[in-house]
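Heads up: the structure comes next, in C-alpha cells.
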Amino acid sequence: VFRNRLLEVIHYAPTTDKVHAMPVVIVTPWINKFYILDLNPKKSLVKYLTDQGFAVFITSWKNPTPEMRDVTFEDYLVEGVNAAIEAARGFAGVEQVHAVGYCIGGTALSTWMAWANRKYGDVDKVPVAHWTLLTTLVDFSRPGDIEVFIDEGSVRWLTQAMQGKGFLDGKEMAAAFRLLRSNSLIWQYVVHGYLYGETPPPFDVLYWNMDTTRMPFAMHAWYLRELYLHNNLIRGDALTLGGQPIDLGRIRQPLYAVTAEDDHIAPWQQCFRICNHVPAEKRFVLSSSGHILGIVNPPVSPPKRSYHAGVAHRRDRFQQWQARAEEHAGSWWEDWMAWLKPQAGPLVDAWPAATKQYPNLADAPGTYVLET
C-alpha cells in the first residue's frame, strides 16, 4: 500500500471483523528479507497478530543496487522507518501506532524514537504510543561473536571493499555469521550431505537465511563506524540525524523488549542495556532458543520453549532482573498480547486490505522482496 525508493509497506488483510484501533507497524531488518516473520501459517508472527485482532503493517526493504551506494542511515531513518509509520497512520486515520523493531530494524526504531521525542517534544504527539524490540542492540560495547570482525583495521578494509562495489554483498555477511557457528551451520551439512550422502530435508528458516540482501556503502560504513566502533548511539546527542540530536534518554514511551538466551548475534545481556538508557516503563523478556527461533516462537501444546519476564528498571543490572523475573512455560507471544492489548485502543471495524487513498500497488509479498 506504499512504496518509495527504500521500502514497500505491506498491509495484511484482516482475519477478524474487529481490530484494535491502534495498528501495529513492524520494522524488519534490512540485512535479511522480511518474511522470516511470515514463513508459514503455523510460524507466522504476522498471522498471529491479525488473528488477535490487530491491523499489521510491515516493511519490505529494497535490495540495494550499486546506484544506491550513497544512501545513508539517515535515509533509512527518515525515508524508511518514519515513512512506514506515517503510511500506517495515514491508512488507518490514527494519531498513534504501536511499533515493533527486529534486530537492526530495532536499532533503527530506537534511533527513530529518540529522534521523534526530540522533534515533537510532547510525548503525546509522538506518532508511536508504545513500542516493542526484538533481539536489538543499542549498546555495541560487547556485540557478541561478531566482535572478532570489528576493529579499526577490519572496518577500514571492509569500507574500502564496499567503496569499490557500492554495497556489501549479503553472501559475504552470511558467510561470516556461518563461521561463527561453524559446527551447526557448516560442518553438519558437510558430514550429512557429503560424507553420508543424505539429502537435506526442506527447511524454511535455512532457505530464508540464504536469501541474502545487500547493504549500501554509505549506510553500512557509517553503521559500522558510528555504532560498532564508537558506540555513539548510547552517548547523548553524539549523533545528529534528520536534523535532530539523538539521545535515548528522551524516550518516554513504554517498551516491551524481547531477547533470546542462545543469541550469538545480539547477546541478551547486551540487549538488556537498553533498559539502562531508556527511562520509560519497560517489560523485559528472555526467551529460550536463539536469534531466530527465540522470536519465531508460536504457542504450541505441549509447550516446546519457555521464557522469563518481568519489569526492568533503569538502574538494574541484568543479574538483578534475572533473579526476580518469573519463568513461564510456552511462548512469550501470549505475554506480549496481555501487555499490548489493554494499550491498543478499543475494537473498531476492520480496515480493508487496501483503500482508495492507499491502493493495492502489488499483491503481497510485493516486488522488492523478489529482487535478487
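By convention in this document, the chains of the C-alpha cells carry letters A, B, ... by their order, each chain's residues are numbered from 1, and ligands are numbered from 1 in the order they are shown.
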
Residues of range 88-200 of chain A that have any atom at most 10 Å from an atom of range 207-220 of chain A: could you tabulate them with the shortest-distance atom pair and the distance in Å to one decimal, using only C-alpha atoms, ordered by chain and increasing number, as CSV?
residue,atom,partner,partner_atom,distance
A:Leu158,CA,A:Phe217,CA,9.7
A:Thr159,CA,A:Phe217,CA,7.4
A:Gln160,CA,A:Phe217,CA,9.4
A:Ala161,CA,A:Phe217,CA,9.2
A:Met162,CA,A:Phe217,CA,5.5
A:Gln163,CA,A:Phe217,CA,6.1
A:Gly164,CA,A:Phe217,CA,9.0
A:Lys165,CA,A:Phe217,CA,8.1
A:Gly166,CA,A:Phe217,CA,5.1
A:Phe167,CA,A:Pro216,CA,4.4
A:Leu168,CA,A:Met215,CA,5.1
A:Asp169,CA,A:Arg214,CA,4.7
A:Gly170,CA,A:Arg214,CA,4.7
A:Lys171,CA,A:Thr212,CA,6.1
A:Glu172,CA,A:Thr212,CA,9.3
A:Met173,CA,A:Thr212,CA,8.7
A:Ala174,CA,A:Thr212,CA,7.4
A:Ala175,CA,A:Met210,CA,9.7

Write a file of the just-selected residues containing N, CA and C atoms, as a tab-separated table (two decimals), in the first residue's frame.
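Wrote selection.tsv, looks like this:
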chain	number	residue	atom	x	y	z
A	158	LEU	N	36.94	-3.36	5.17
A	158	LEU	CA	35.59	-3.61	4.66
A	158	LEU	C	35.03	-2.37	3.98
A	159	THR	N	35.31	-1.20	4.54
A	159	THR	CA	34.84	0.05	3.94
A	159	THR	C	35.44	0.25	2.55
A	160	GLN	N	36.73	-0.03	2.42
A	160	GLN	CA	37.38	0.09	1.12
A	160	GLN	C	36.80	-0.89	0.12
A	161	ALA	N	36.52	-2.12	0.58
A	161	ALA	CA	35.93	-3.13	-0.31
A	161	ALA	C	34.54	-2.70	-0.77
A	162	MET	N	33.74	-2.16	0.16
A	162	MET	CA	32.39	-1.71	-0.20
A	162	MET	C	32.44	-0.51	-1.13
A	163	GLN	N	33.41	0.36	-0.93
A	163	GLN	CA	33.51	1.57	-1.74
A	163	GLN	C	33.68	1.24	-3.21
A	164	GLY	N	34.41	0.17	-3.48
A	164	GLY	CA	34.61	-0.22	-4.87
A	164	GLY	C	33.36	-0.73	-5.54
A	165	LYS	N	32.53	-1.50	-4.78
A	165	LYS	CA	31.32	-2.09	-5.35
A	165	LYS	C	30.07	-1.22	-5.15
A	166	GLY	N	30.11	-0.39	-4.11
A	166	GLY	CA	28.95	0.42	-3.78
A	166	GLY	C	28.02	-0.24	-2.79
A	167	PHE	N	28.35	-1.46	-2.35
A	167	PHE	CA	27.49	-2.17	-1.40
A	167	PHE	C	28.28	-3.30	-0.75
A	168	LEU	N	27.72	-3.83	0.33
A	168	LEU	CA	28.23	-5.07	0.93
A	168	LEU	C	27.32	-6.19	0.48
A	169	ASP	N	27.89	-7.21	-0.13
A	169	ASP	CA	27.10	-8.35	-0.59
A	169	ASP	C	26.64	-9.16	0.62
A	170	GLY	N	25.36	-9.45	0.67
A	170	GLY	CA	24.82	-10.21	1.79
A	170	GLY	C	25.42	-11.59	1.93
A	171	LYS	N	25.90	-12.17	0.82
A	171	LYS	CA	26.51	-13.51	0.90
A	171	LYS	C	27.79	-13.46	1.74
A	172	GLU	N	28.50	-12.33	1.69
A	172	GLU	CA	29.71	-12.19	2.49
A	172	GLU	C	29.37	-12.13	3.98
A	173	MET	N	28.31	-11.40	4.32
A	173	MET	CA	27.91	-11.33	5.71
A	173	MET	C	27.39	-12.67	6.19
A	174	ALA	N	26.61	-13.36	5.35
A	174	ALA	CA	26.09	-14.67	5.73
A	174	ALA	C	27.22	-15.66	5.98
A	175	ALA	N	28.26	-15.60	5.16
A	175	ALA	CA	29.41	-16.49	5.35
A	175	ALA	C	30.11	-16.20	6.67

Find the spatial neighbours of range 93-98 of chain A, counting only C-alpha atoms, within a cut-off of 10 Å - ignore same-chain residues fewer than 4 positions away - and output them as a compact mmCIF listing (two decimals) with N, CA, C and O atoms, in the first residue's frame.
# COMPACT_ATOMS: atom_id res chain seq x y z
N ALA A 21 -7.95 -0.33 17.63
CA ALA A 21 -7.88 0.95 16.92
C ALA A 21 -6.46 1.38 16.61
O ALA A 21 -6.24 2.21 15.73
N MET A 22 -5.49 0.81 17.31
CA MET A 22 -4.10 1.19 17.10
C MET A 22 -3.39 0.10 16.28
O MET A 22 -3.22 -1.02 16.74
N PRO A 23 -2.97 0.41 15.04
CA PRO A 23 -2.29 -0.59 14.21
C PRO A 23 -0.90 -0.92 14.76
O PRO A 23 -0.32 -0.19 15.56
N VAL A 24 -0.37 -2.04 14.28
CA VAL A 24 1.00 -2.47 14.60
C VAL A 24 1.86 -2.29 13.35
O VAL A 24 1.49 -2.78 12.26
N VAL A 25 2.98 -1.58 13.49
CA VAL A 25 3.92 -1.36 12.39
C VAL A 25 5.21 -2.10 12.73
O VAL A 25 5.84 -1.80 13.76
N ILE A 26 5.61 -3.05 11.89
CA ILE A 26 6.80 -3.86 12.15
C ILE A 26 7.94 -3.38 11.25
O ILE A 26 7.82 -3.39 10.03
N VAL A 56 -1.95 -5.04 10.77
CA VAL A 56 -0.49 -5.20 10.73
C VAL A 56 0.07 -4.61 9.45
O VAL A 56 -0.36 -4.96 8.35
N ILE A 85 5.80 4.37 9.33
CA ILE A 85 4.89 4.78 10.41
C ILE A 85 3.86 5.77 9.90
O ILE A 85 2.65 5.66 10.21
N GLU A 86 4.29 6.71 9.08
CA GLU A 86 3.35 7.70 8.53
C GLU A 86 2.35 7.05 7.57
O GLU A 86 1.18 7.44 7.52
N ALA A 87 2.80 6.06 6.81
CA ALA A 87 1.89 5.35 5.90
C ALA A 87 0.80 4.63 6.69
O ALA A 87 -0.39 4.67 6.33
N ALA A 88 1.18 3.98 7.79
CA ALA A 88 0.20 3.26 8.61
C ALA A 88 -0.77 4.24 9.27
O ALA A 88 -1.98 3.99 9.32
N ARG A 89 -0.25 5.35 9.77
CA ARG A 89 -1.13 6.36 10.39
C ARG A 89 -2.11 6.92 9.36
O ARG A 89 -3.30 7.09 9.64
N ASP A 124 2.78 13.00 24.00
CA ASP A 124 1.50 12.57 23.40
C ASP A 124 1.43 12.85 21.91
O ASP A 124 0.53 12.35 21.23
N LYS A 125 2.35 13.65 21.39
CA LYS A 125 2.34 13.96 19.96
C LYS A 125 3.26 13.04 19.16
O LYS A 125 3.24 13.08 17.92
N VAL A 126 4.06 12.24 19.83
CA VAL A 126 4.93 11.30 19.13
C VAL A 126 4.05 10.24 18.46
O VAL A 126 3.16 9.67 19.10
N PRO A 127 4.26 9.95 17.17
CA PRO A 127 3.37 9.04 16.44
C PRO A 127 3.36 7.60 16.92
O PRO A 127 2.51 6.82 16.50
N VAL A 128 4.29 7.22 17.79
CA VAL A 128 4.31 5.87 18.36
C VAL A 128 3.98 5.98 19.84
O VAL A 128 4.68 6.66 20.60
N ALA A 129 2.92 5.29 20.26
CA ALA A 129 2.46 5.38 21.65
C ALA A 129 3.27 4.48 22.57
O ALA A 129 3.49 4.80 23.74
N HIS A 130 3.67 3.32 22.07
CA HIS A 130 4.47 2.35 22.81
C HIS A 130 5.13 1.45 21.78
O HIS A 130 4.73 1.42 20.60
N TRP A 131 6.14 0.69 22.19
CA TRP A 131 6.95 0.00 21.19
C TRP A 131 7.51 -1.30 21.73
O TRP A 131 7.55 -1.53 22.94
N THR A 132 7.92 -2.15 20.79
CA THR A 132 8.47 -3.46 21.11
C THR A 132 9.79 -3.64 20.36
O THR A 132 9.88 -3.28 19.18
N LEU A 340 0.10 -5.74 25.47
CA LEU A 340 -0.21 -4.80 24.40
C LEU A 340 -1.70 -4.49 24.28
O LEU A 340 -2.08 -3.32 24.08
N GLN A 343 -3.45 -1.50 25.88
CA GLN A 343 -2.94 -0.19 25.47
C GLN A 343 -3.28 0.15 24.02
O GLN A 343 -2.96 1.25 23.56
N ALA A 344 -3.90 -0.80 23.29
CA ALA A 344 -4.04 -0.65 21.85
C ALA A 344 -5.38 -0.10 21.40
O ALA A 344 -5.71 -0.15 20.21

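Of the residues under consideration (A:Leu239, A:Ala257, A:Met337, A:Ala353), A:Ala257 shows the shortest atom-to-atom contact distance to Val311 in chain A when counting only C-alpha atoms.
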
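Residue neighbourhood of Pro245 in chain A, excluding near-sequence residues (fewer than 5 positions): Ala114, Trp115, Arg118, Lys119, Gly236, Asp237, Ala238, Leu239 and Thr240 of chain A, at 10 Å, using only C-alpha atoms.
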
Run DSSP on the backbone of this structure and report the residues of range 145-316 of chain A it assigns to strand (DSSP E or B), as an mmCIF file with C-alpha atoms, in the first residue's frame.
data_model
loop_
_atom_site.group_PDB
_atom_site.id
_atom_site.type_symbol
_atom_site.label_atom_id
_atom_site.label_comp_id
_atom_site.auth_asym_id
_atom_site.auth_seq_id
_atom_site.Cartn_x
_atom_site.Cartn_y
_atom_site.Cartn_z
ATOM 1 C CA PHE A 167 27.490 -2.171 -1.400
ATOM 2 C CA LEU A 168 28.233 -5.069 0.931
ATOM 3 C CA MET A 215 23.688 -3.054 2.124
ATOM 4 C CA PRO A 216 24.551 0.372 0.650
ATOM 5 C CA LEU A 239 24.749 11.759 16.733
ATOM 6 C CA THR A 240 22.561 14.140 14.742
ATOM 7 C CA LEU A 241 20.153 12.567 12.243
ATOM 8 C CA GLN A 244 17.693 16.208 15.462
ATOM 9 C CA PRO A 245 20.326 15.273 18.083
ATOM 10 C CA ILE A 246 19.802 11.693 19.218
ATOM 11 C CA LEU A 255 8.781 -0.555 25.949
ATOM 12 C CA TYR A 256 8.419 -4.341 25.657
ATOM 13 C CA ALA A 257 11.854 -5.831 24.904
ATOM 14 C CA VAL A 258 12.418 -9.467 23.904
ATOM 15 C CA THR A 259 15.773 -11.265 23.843
ATOM 16 C CA ALA A 260 16.932 -14.859 23.353
ATOM 17 C CA LYS A 282 9.895 -1.430 30.494
ATOM 18 C CA ARG A 283 8.893 -5.083 30.478
ATOM 19 C CA PHE A 284 11.863 -7.295 29.588
ATOM 20 C CA VAL A 285 11.627 -10.850 28.286
ATOM 21 C CA LEU A 286 14.247 -13.586 27.922
ATOM 22 C CA SER A 287 13.087 -16.354 25.577
ATOM 23 C CA SER A 306 9.912 -21.128 27.857
ATOM 24 C CA TYR A 307 10.635 -17.530 28.790
ATOM 25 C CA HIS A 308 11.370 -15.273 31.746
ATOM 26 C CA ALA A 309 9.554 -11.944 32.012
ATOM 27 C CA GLY A 310 9.424 -9.020 34.396
ATOM 28 C CA VAL A 311 9.648 -5.275 34.884
#

Given only C-alpha atoms, how would the per-residue table for range 36-136 of chain A near range 359-372 of chain A read, listing every residue at most 9 Å away with its closest atom pair and distance in Å to one decimal, sorted by chain and number, as CSV?
residue,atom,partner,partner_atom,distance
A:Ser60,CA,A:Val369,CA,6.4
A:Trp61,CA,A:Tyr368,CA,6.5
A:Lys62,CA,A:Tyr368,CA,5.1
A:Asn63,CA,A:Glu371,CA,6.4

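Taking CA of Ile265 in chain A and CA of Thr135 in chain A as the two end points, the separation is 8.6 Å.
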
Exercise. Find the residues near Pro298 in chain A: any atom within 8 Å, counting only C-alpha atoms, skip ones fewer than 3 places away on the same chain, and give them as a ChimeraX atom specification.
Key: /A:42-45,331,333

Quiz item: For Gly330 in chain A, which residue out of A:Thr72, A:Thr355, A:Thr136, A:Asn297 is the nearest one, using only C-alpha atoms?
Solution: A:Asn297

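In terms of minimum interatomic distance to Asn276 in chain A, A:Asp139 ranks closest within A:Glu334, A:Asp349, A:Asp139, A:Asp151, counting only C-alpha atoms.
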
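If only C-alpha atoms are the atoms counted, then among A:Ser110, A:Thr59, A:Gln188, A:Asn231 the closest residue to His11 in chain A is A:Thr59.
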
Quiz prompt | Close residues, Glu281 in chain A itself excluded, 8 Å, only C-alpha atoms, min 6 positions apart in chain, as a PyMOL selection string | solution = chain A and resi 252-255+311-313

Since we have the selection now, will you write its residues out, keeping all heavy atoms, as a short mmCIF file (atom, residue, chain, number, x, y, z; two decimals), in the first residue's frame?
data_model
loop_
_atom_site.label_atom_id
_atom_site.label_comp_id
_atom_site.auth_asym_id
_atom_site.auth_seq_id
_atom_site.Cartn_x
_atom_site.Cartn_y
_atom_site.Cartn_z
N ARG A 252 10.14 8.28 26.26
CA ARG A 252 9.22 8.11 27.39
C ARG A 252 8.13 7.07 27.12
O ARG A 252 7.32 6.79 28.00
CB ARG A 252 8.55 9.46 27.71
CG ARG A 252 9.51 10.53 28.21
CD ARG A 252 10.08 10.16 29.57
NE ARG A 252 10.90 11.21 30.16
CZ ARG A 252 12.21 11.34 29.95
NH1 ARG A 252 12.84 10.48 29.15
NH2 ARG A 252 12.90 12.31 30.53
N GLN A 253 8.08 6.51 25.94
CA GLN A 253 7.00 5.58 25.59
C GLN A 253 7.31 4.18 26.15
O GLN A 253 8.45 3.70 26.05
CB GLN A 253 6.84 5.51 24.07
CG GLN A 253 6.29 6.76 23.45
CD GLN A 253 7.28 7.92 23.41
OE1 GLN A 253 8.50 7.71 23.47
NE2 GLN A 253 6.78 9.14 23.32
N PRO A 254 6.30 3.50 26.75
CA PRO A 254 6.51 2.17 27.33
C PRO A 254 7.11 1.19 26.32
O PRO A 254 6.73 1.19 25.14
CB PRO A 254 5.10 1.75 27.75
CG PRO A 254 4.37 3.03 27.97
CD PRO A 254 4.93 3.99 26.95
N LEU A 255 8.01 0.36 26.80
CA LEU A 255 8.78 -0.55 25.95
C LEU A 255 8.61 -2.00 26.41
O LEU A 255 8.67 -2.29 27.60
CB LEU A 255 10.27 -0.18 26.00
CG LEU A 255 11.27 -1.17 25.38
CD1 LEU A 255 11.03 -1.33 23.88
CD2 LEU A 255 12.70 -0.74 25.66
N VAL A 311 9.36 -6.70 35.00
CA VAL A 311 9.65 -5.28 34.88
C VAL A 311 11.15 -5.05 35.02
O VAL A 311 11.82 -5.69 35.82
CB VAL A 311 8.89 -4.48 35.96
CG1 VAL A 311 9.31 -3.02 35.97
CG2 VAL A 311 7.38 -4.61 35.74
N ALA A 312 11.69 -4.15 34.19
CA ALA A 312 13.10 -3.78 34.27
C ALA A 312 13.19 -2.31 34.65
O ALA A 312 12.45 -1.47 34.14
CB ALA A 312 13.80 -4.03 32.94
N HIS A 313 14.13 -2.01 35.54
CA HIS A 313 14.34 -0.64 35.99
C HIS A 313 15.63 -0.09 35.40
O HIS A 313 16.53 -0.84 35.02
CB HIS A 313 14.40 -0.59 37.52
CG HIS A 313 13.19 -1.17 38.19
ND1 HIS A 313 11.94 -0.62 38.05
CD2 HIS A 313 13.05 -2.27 38.96
CE1 HIS A 313 11.06 -1.35 38.73
NE2 HIS A 313 11.72 -2.36 39.30
#

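For the choices A:Ala99, A:Leu233, A:Ala84, A:Ile292, the atom-to-atom distance to Leu39 in chain A is smallest for A:Ile292 when using only C-alpha atoms.
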